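K.L.:
Sharing a structure here in structure tokens format.
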Amino acid sequence: MRPPPIRTALSRSRHVEKRVIKSAGGVVSAQNAVAAEIGAEILRAGGDAVDAAVAVSFAMGVLEPWMSGPVGGGAALHWRADTGEATAINFGMRSPAGLDPALYPLSGEGVAGDLFPWKRVVGDRNLYGATAVAVPGTVAGLAETHARWGRMPWSELVAPAVAEARAGMTVDWYAQLVIASVARELARDPGSAALFLDEGVWPKGSGWTAVPGVRLDQSRMADSLDQIARHGAGALHGGDLGA
């Protein structure tokens with residue numbers, strides 16, 4: 001027997017397409033169009049593809065902070081056409097050296113409702129709050145990649161992200177959807193609630209019919225990024241910002 005059809009409100013006759021872009025000077029692809037344009041501007045200024053990737057990474061941390069940011073982790077896969085050399089740099093997050101697993105007892109309540117299906121920990125200590133924070137690798141990884149292949153000054157690559165943070169991320173329909181989907185969790189932390197929620201409860205948004213006009217106050221993030229721009233990765237890894 002055939003399974004019953006899945007009911008959905010989405011139209012089956014709708015098609016979403018993206019134009020194929022061809023360029024002799026390179027193409028930048030990113031989840032956020034503003035971040036992609038920042039990377040393209042770096043290429044136009046004579047930067048290497050690595051320079052563009054560094055600028056886009058920092059910009060994404062401002063423009064879509066829910067899955068990106070300087071205190072996260074990642075990896076870089078680099079191919080050099082002139083030498084035929086491929087290099088992989090892993091800068092994923094690490095557990096703190098002094099972490100005690102006994103502080104994260106399993107609750108026996110199945111898996112957590114997070115991106116990864118980990119077994120649930122008492123109080124979700126591994127997901128929320130200071131006890132969920134891992135040692136970040138993004139800034140150090142980007143700095144290593146830039147040191148090997150970058151052309152433009154580091155400060156110029158972080159500068160667009162600083163400018164975007166000074167202006168504040170626009171809360172468009174997509175940002176509003178993401179914030180609303182985790183509003184309950186954001187409300188548990190005073191800092192997150194102040195940034196993403198109104199009155200600590202209601203998801204920030206511009207209304208479903210309005211032109212987006214609401215912006216997040218990312219001034220503190222701008223200050224942090226400015227330190228990284230001026231002092232390099234050491235500002236986070238061993239500097240005052242890290243402290």
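For the structure tokens, the naming scheme is as follows: chains receive sequential letters (A, B, ...) according to their order of presentation, residues are indexed from 1 within each chain, and ligands are indexed from 1 in presentation order.
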Using only C-alpha atoms, which residues of region 134-169 of chain A come within 12 Å of region 24-44 of chain A, and what is the closest atom pair for each, with the distance in Å to one decimal? Give it as a tab-separated table, sorted by chain and residue number.

P.N.:
residue	atom	partner	partner_atom	distance
A:Gly150	CA	A:Ile42	CA	11.2
A:Arg151	CA	A:Ile42	CA	10.4
A:Met152	CA	A:Ile42	CA	8.6
A:Pro153	CA	A:Ile42	CA	11.1
A:Trp154	CA	A:Ile42	CA	11.8
A:Glu156	CA	A:Ile42	CA	9.1
A:Leu157	CA	A:Ile42	CA	7.8
A:Val158	CA	A:Ile38	CA	10.5
A:Ala159	CA	A:Ile38	CA	10.3
A:Pro160	CA	A:Ile38	CA	7.1
A:Ala161	CA	A:Ala35	CA	8.7
A:Ala163	CA	A:Ile38	CA	11.2
A:Glu164	CA	A:Val34	CA	9.5
A:Met169	CA	A:Val34	CA	10.7

K.L.:
Which residues, written as a PDB file with N, CA and C atoms, in the first residue's frame, have at least one atom at most 7 Å from Pro203 (chain A), with only C-alpha atoms counted and residues fewer than 6 positions away on the same chain left out?

P.N.:
ATOM      1  N   GLN A 176      13.036  37.500  12.000  1.00  0.00           N
ATOM      2  CA  GLN A 176      11.902  37.450  12.924  1.00  0.00           C
ATOM      3  C   GLN A 176      11.449  36.011  13.152  1.00  0.00           C
ATOM      4  N   ILE A 179      14.148  34.214  15.376  1.00  0.00           N
ATOM      5  CA  ILE A 179      14.077  34.681  16.761  1.00  0.00           C
ATOM      6  C   ILE A 179      12.836  34.107  17.448  1.00  0.00           C
ATOM      7  N   ALA A 180      11.708  34.144  16.761  1.00  0.00           N
ATOM      8  CA  ALA A 180      10.470  33.644  17.356  1.00  0.00           C
ATOM      9  C   ALA A 180      10.539  32.152  17.650  1.00  0.00           C
ATOM     10  N   ALA A 183      12.284  31.869  21.026  1.00  0.00           N
ATOM     11  CA  ALA A 183      12.015  32.949  21.977  1.00  0.00           C
ATOM     12  C   ALA A 183      11.998  32.454  23.415  1.00  0.00           C
ATOM     13  N   PHE A 196      17.368  40.286  21.685  1.00  0.00           N
ATOM     14  CA  PHE A 196      16.490  39.732  20.660  1.00  0.00           C
ATOM     15  C   PHE A 196      14.994  39.873  20.959  1.00  0.00           C
ATOM     16  N   LEU A 197      14.636  40.207  22.178  1.00  0.00           N
ATOM     17  CA  LEU A 197      13.222  40.241  22.560  1.00  0.00           C
ATOM     18  C   LEU A 197      12.827  41.622  23.065  1.00  0.00           C
TER      19      LEU A 197
END

K.L.:
Considering only C-alpha atoms, return as JSON, numbers by chain whatever protein or nucleic-acid residues lie within 12 Å of Met221 (chain A), sequence-local ones (same chain, fewer than 5 positions apart) excluded.

P.N.:
{"A": [58, 59, 61, 62, 63, 65, 69, 70, 71, 161, 162, 163, 164, 165, 166, 167, 168, 169, 195, 216, 226, 227, 228, 241]}

K.L.:
Got a sec to tell me which of region 107-171 of chain A DSSP assigns to alpha helix (DSSP H), as a list in words?

P.N.:
Thr138, Val139, Ala140, Gly141, Leu142, Ala143, Glu144, Thr145, His146, Ala147, Arg148, Trp149, Trp154, Ser155, Glu156, Leu157, Val158, Ala159, Pro160, Ala161, Val162, Ala163, Glu164, Ala165, Arg166 and Ala167 of chain A

K.L.:
Need the shell around Ala76 (chain A): protein/DNA/RNA residues with any atom at most 8 Å away, counting only C-alpha atoms. Skip same-chain ones fewer than 3 positions apart. Format as an mmCIF file with N, CA, C and O atoms, in the first residue's frame?

P.N.:
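Ended up saving to around39.cif:
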data_model
loop_
_atom_site.group_PDB
_atom_site.id
_atom_site.type_symbol
_atom_site.label_atom_id
_atom_site.label_comp_id
_atom_site.auth_asym_id
_atom_site.auth_seq_id
_atom_site.Cartn_x
_atom_site.Cartn_y
_atom_site.Cartn_z
ATOM 1 N N ALA A 88 43.386 21.563 4.253
ATOM 2 C CA ALA A 88 42.235 21.644 5.142
ATOM 3 C C ALA A 88 42.693 22.150 6.497
ATOM 4 O O ALA A 88 43.692 21.676 7.041
ATOM 5 N N ILE A 89 41.987 23.141 7.033
ATOM 6 C CA ILE A 89 42.280 23.692 8.355
ATOM 7 C C ILE A 89 41.045 23.502 9.220
ATOM 8 O O ILE A 89 39.963 23.990 8.894
ATOM 9 N N ASN A 90 41.198 22.774 10.300
ATOM 10 C CA ASN A 90 40.088 22.489 11.212
ATOM 11 C C ASN A 90 40.187 23.413 12.414
ATOM 12 O O ASN A 90 41.167 23.368 13.155
ATOM 13 N N GLY A 141 41.214 30.315 13.520
ATOM 14 C CA GLY A 141 41.249 29.615 12.240
ATOM 15 C C GLY A 141 41.285 30.562 11.058
ATOM 16 O O GLY A 141 42.030 30.350 10.091
ATOM 17 N N THR A 145 44.331 31.036 8.305
ATOM 18 C CA THR A 145 44.072 31.001 6.861
ATOM 19 C C THR A 145 44.550 32.285 6.193
ATOM 20 O O THR A 145 45.179 32.254 5.123
#

K.L.:
Between A:Ala97, A:Leu115, A:Gly234, A:Glu64, which has the minimum distance to Gln218 (chain A) (counting only C-alpha atoms)?

P.N.:
A:Glu64

K.L.:
Nearest to Ser68 (chain A) among A:Ser155, A:Asn126, A:Thr138, A:Ser206, with distances taken over only C-alpha atoms: which residue is it?

P.N.:
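So, comparing all the options, the nearest one is A:Thr138.
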
K.L.:
Quick one: residues within 9 Å of region 100-113 of chain A, only C-alpha atoms, excluding same-chain residues fewer than 4 positions away - as a ChimeraX atom specification?

P.N.:
/A:117-127

K.L.:
Would you mind exporting the chosen residues as an mmCIF file, in the first residue's frame, restricted to all heavy atoms?

P.N.:
data_model
loop_
_atom_site.group_PDB
_atom_site.id
_atom_site.type_symbol
_atom_site.label_atom_id
_atom_site.label_comp_id
_atom_site.auth_asym_id
_atom_site.auth_seq_id
_atom_site.Cartn_x
_atom_site.Cartn_y
_atom_site.Cartn_z
ATOM 1 N N PRO A 117 21.289 15.382 18.126
ATOM 2 C CA PRO A 117 20.484 14.495 19.004
ATOM 3 C C PRO A 117 21.290 13.899 20.154
ATOM 4 O O PRO A 117 21.397 12.691 20.313
ATOM 5 C CB PRO A 117 20.012 13.415 18.025
ATOM 6 C CG PRO A 117 21.128 13.318 17.023
ATOM 7 C CD PRO A 117 21.637 14.722 16.854
ATOM 8 N N TRP A 118 21.883 14.780 20.970
ATOM 9 C CA TRP A 118 22.596 14.295 22.141
ATOM 10 C C TRP A 118 21.605 13.798 23.184
ATOM 11 O O TRP A 118 20.466 14.234 23.242
ATOM 12 C CB TRP A 118 23.421 15.426 22.759
ATOM 13 C CG TRP A 118 24.582 15.852 21.930
ATOM 14 C CD1 TRP A 118 25.526 15.050 21.377
ATOM 15 C CD2 TRP A 118 24.925 17.200 21.554
ATOM 16 N NE1 TRP A 118 26.440 15.812 20.689
ATOM 17 C CE2 TRP A 118 26.101 17.123 20.775
ATOM 18 C CE3 TRP A 118 24.364 18.443 21.810
ATOM 19 C CZ2 TRP A 118 26.727 18.256 20.252
ATOM 20 C CZ3 TRP A 118 24.984 19.559 21.286
ATOM 21 C CH2 TRP A 118 26.147 19.468 20.518
ATOM 22 N N LYS A 119 22.089 12.885 24.051
ATOM 23 C CA LYS A 119 21.259 12.473 25.173
ATOM 24 C C LYS A 119 21.065 13.671 26.100
ATOM 25 O O LYS A 119 21.981 14.441 26.330
ATOM 26 C CB LYS A 119 21.911 11.309 25.918
ATOM 27 C CG LYS A 119 21.942 10.013 25.102
ATOM 28 C CD LYS A 119 22.519 8.865 25.914
ATOM 29 C CE LYS A 119 22.496 7.575 25.095
ATOM 30 N NZ LYS A 119 23.066 6.438 25.872
ATOM 31 N N ARG A 120 19.877 13.790 26.627
ATOM 32 C CA ARG A 120 19.532 14.981 27.405
ATOM 33 C C ARG A 120 20.288 15.017 28.741
ATOM 34 O O ARG A 120 20.406 14.019 29.438
ATOM 35 C CB ARG A 120 18.032 15.029 27.662
ATOM 36 C CG ARG A 120 17.558 16.364 28.207
ATOM 37 C CD ARG A 120 16.162 16.657 27.781
ATOM 38 N NE ARG A 120 15.829 18.048 27.953
ATOM 39 C CZ ARG A 120 14.694 18.597 27.519
ATOM 40 N NH1 ARG A 120 13.816 17.843 26.881
ATOM 41 N NH2 ARG A 120 14.443 19.867 27.698
ATOM 42 N N VAL A 121 20.785 16.213 29.070
ATOM 43 C CA VAL A 121 21.515 16.458 30.300
ATOM 44 C C VAL A 121 20.604 17.180 31.287
ATOM 45 O O VAL A 121 19.737 17.967 30.889
ATOM 46 C CB VAL A 121 22.776 17.306 30.008
ATOM 47 C CG1 VAL A 121 23.426 17.801 31.292
ATOM 48 C CG2 VAL A 121 23.765 16.502 29.178
ATOM 49 N N VAL A 122 20.773 16.919 32.563
ATOM 50 C CA VAL A 122 19.970 17.564 33.600
ATOM 51 C C VAL A 122 20.081 19.087 33.461
ATOM 52 O O VAL A 122 21.175 19.648 33.422
ATOM 53 C CB VAL A 122 20.441 17.130 35.000
ATOM 54 C CG1 VAL A 122 19.710 17.926 36.081
ATOM 55 C CG2 VAL A 122 20.215 15.638 35.195
ATOM 56 N N GLY A 123 18.931 19.730 33.364
ATOM 57 C CA GLY A 123 18.904 21.177 33.256
ATOM 58 C C GLY A 123 19.394 21.725 31.931
ATOM 59 O O GLY A 123 19.554 22.948 31.786
ATOM 60 N N ASP A 124 19.625 20.854 30.952
ATOM 61 C CA ASP A 124 20.150 21.284 29.646
ATOM 62 C C ASP A 124 21.399 22.144 29.803
ATOM 63 O O ASP A 124 21.623 23.108 29.051
ATOM 64 C CB ASP A 124 19.074 22.048 28.857
ATOM 65 C CG ASP A 124 17.972 21.146 28.353
ATOM 66 O OD1 ASP A 124 18.242 19.966 28.075
ATOM 67 O OD2 ASP A 124 16.827 21.626 28.238
ATOM 68 N N ARG A 125 22.260 21.776 30.761
ATOM 69 C CA ARG A 125 23.466 22.562 31.041
ATOM 70 C C ARG A 125 24.434 22.586 29.864
ATOM 71 O O ARG A 125 25.258 23.489 29.764
ATOM 72 C CB ARG A 125 24.184 21.986 32.268
ATOM 73 C CG ARG A 125 23.469 22.222 33.581
ATOM 74 C CD ARG A 125 24.133 21.457 34.722
ATOM 75 N NE ARG A 125 25.568 21.714 34.803
ATOM 76 C CZ ARG A 125 26.104 22.767 35.415
ATOM 77 N NH1 ARG A 125 25.326 23.654 36.008
ATOM 78 N NH2 ARG A 125 27.411 22.939 35.448
ATOM 79 N N ASN A 126 24.332 21.609 28.985
ATOM 80 C CA ASN A 126 25.212 21.572 27.824
ATOM 81 C C ASN A 126 24.673 22.380 26.649
ATOM 82 O O ASN A 126 25.344 22.506 25.622
ATOM 83 C CB ASN A 126 25.434 20.127 27.380
ATOM 84 C CG ASN A 126 24.129 19.444 26.979
ATOM 85 O OD1 ASN A 126 23.085 19.666 27.588
ATOM 86 N ND2 ASN A 126 24.187 18.615 25.957
ATOM 87 N N LEU A 127 23.487 22.928 26.790
ATOM 88 C CA LEU A 127 22.865 23.669 25.692
ATOM 89 C C LEU A 127 22.690 25.151 25.984
ATOM 90 O O LEU A 127 22.760 25.974 25.065
ATOM 91 C CB LEU A 127 21.491 23.070 25.358
ATOM 92 C CG LEU A 127 21.454 21.611 24.914
ATOM 93 C CD1 LEU A 127 20.023 21.203 24.613
ATOM 94 C CD2 LEU A 127 22.344 21.386 23.703
#
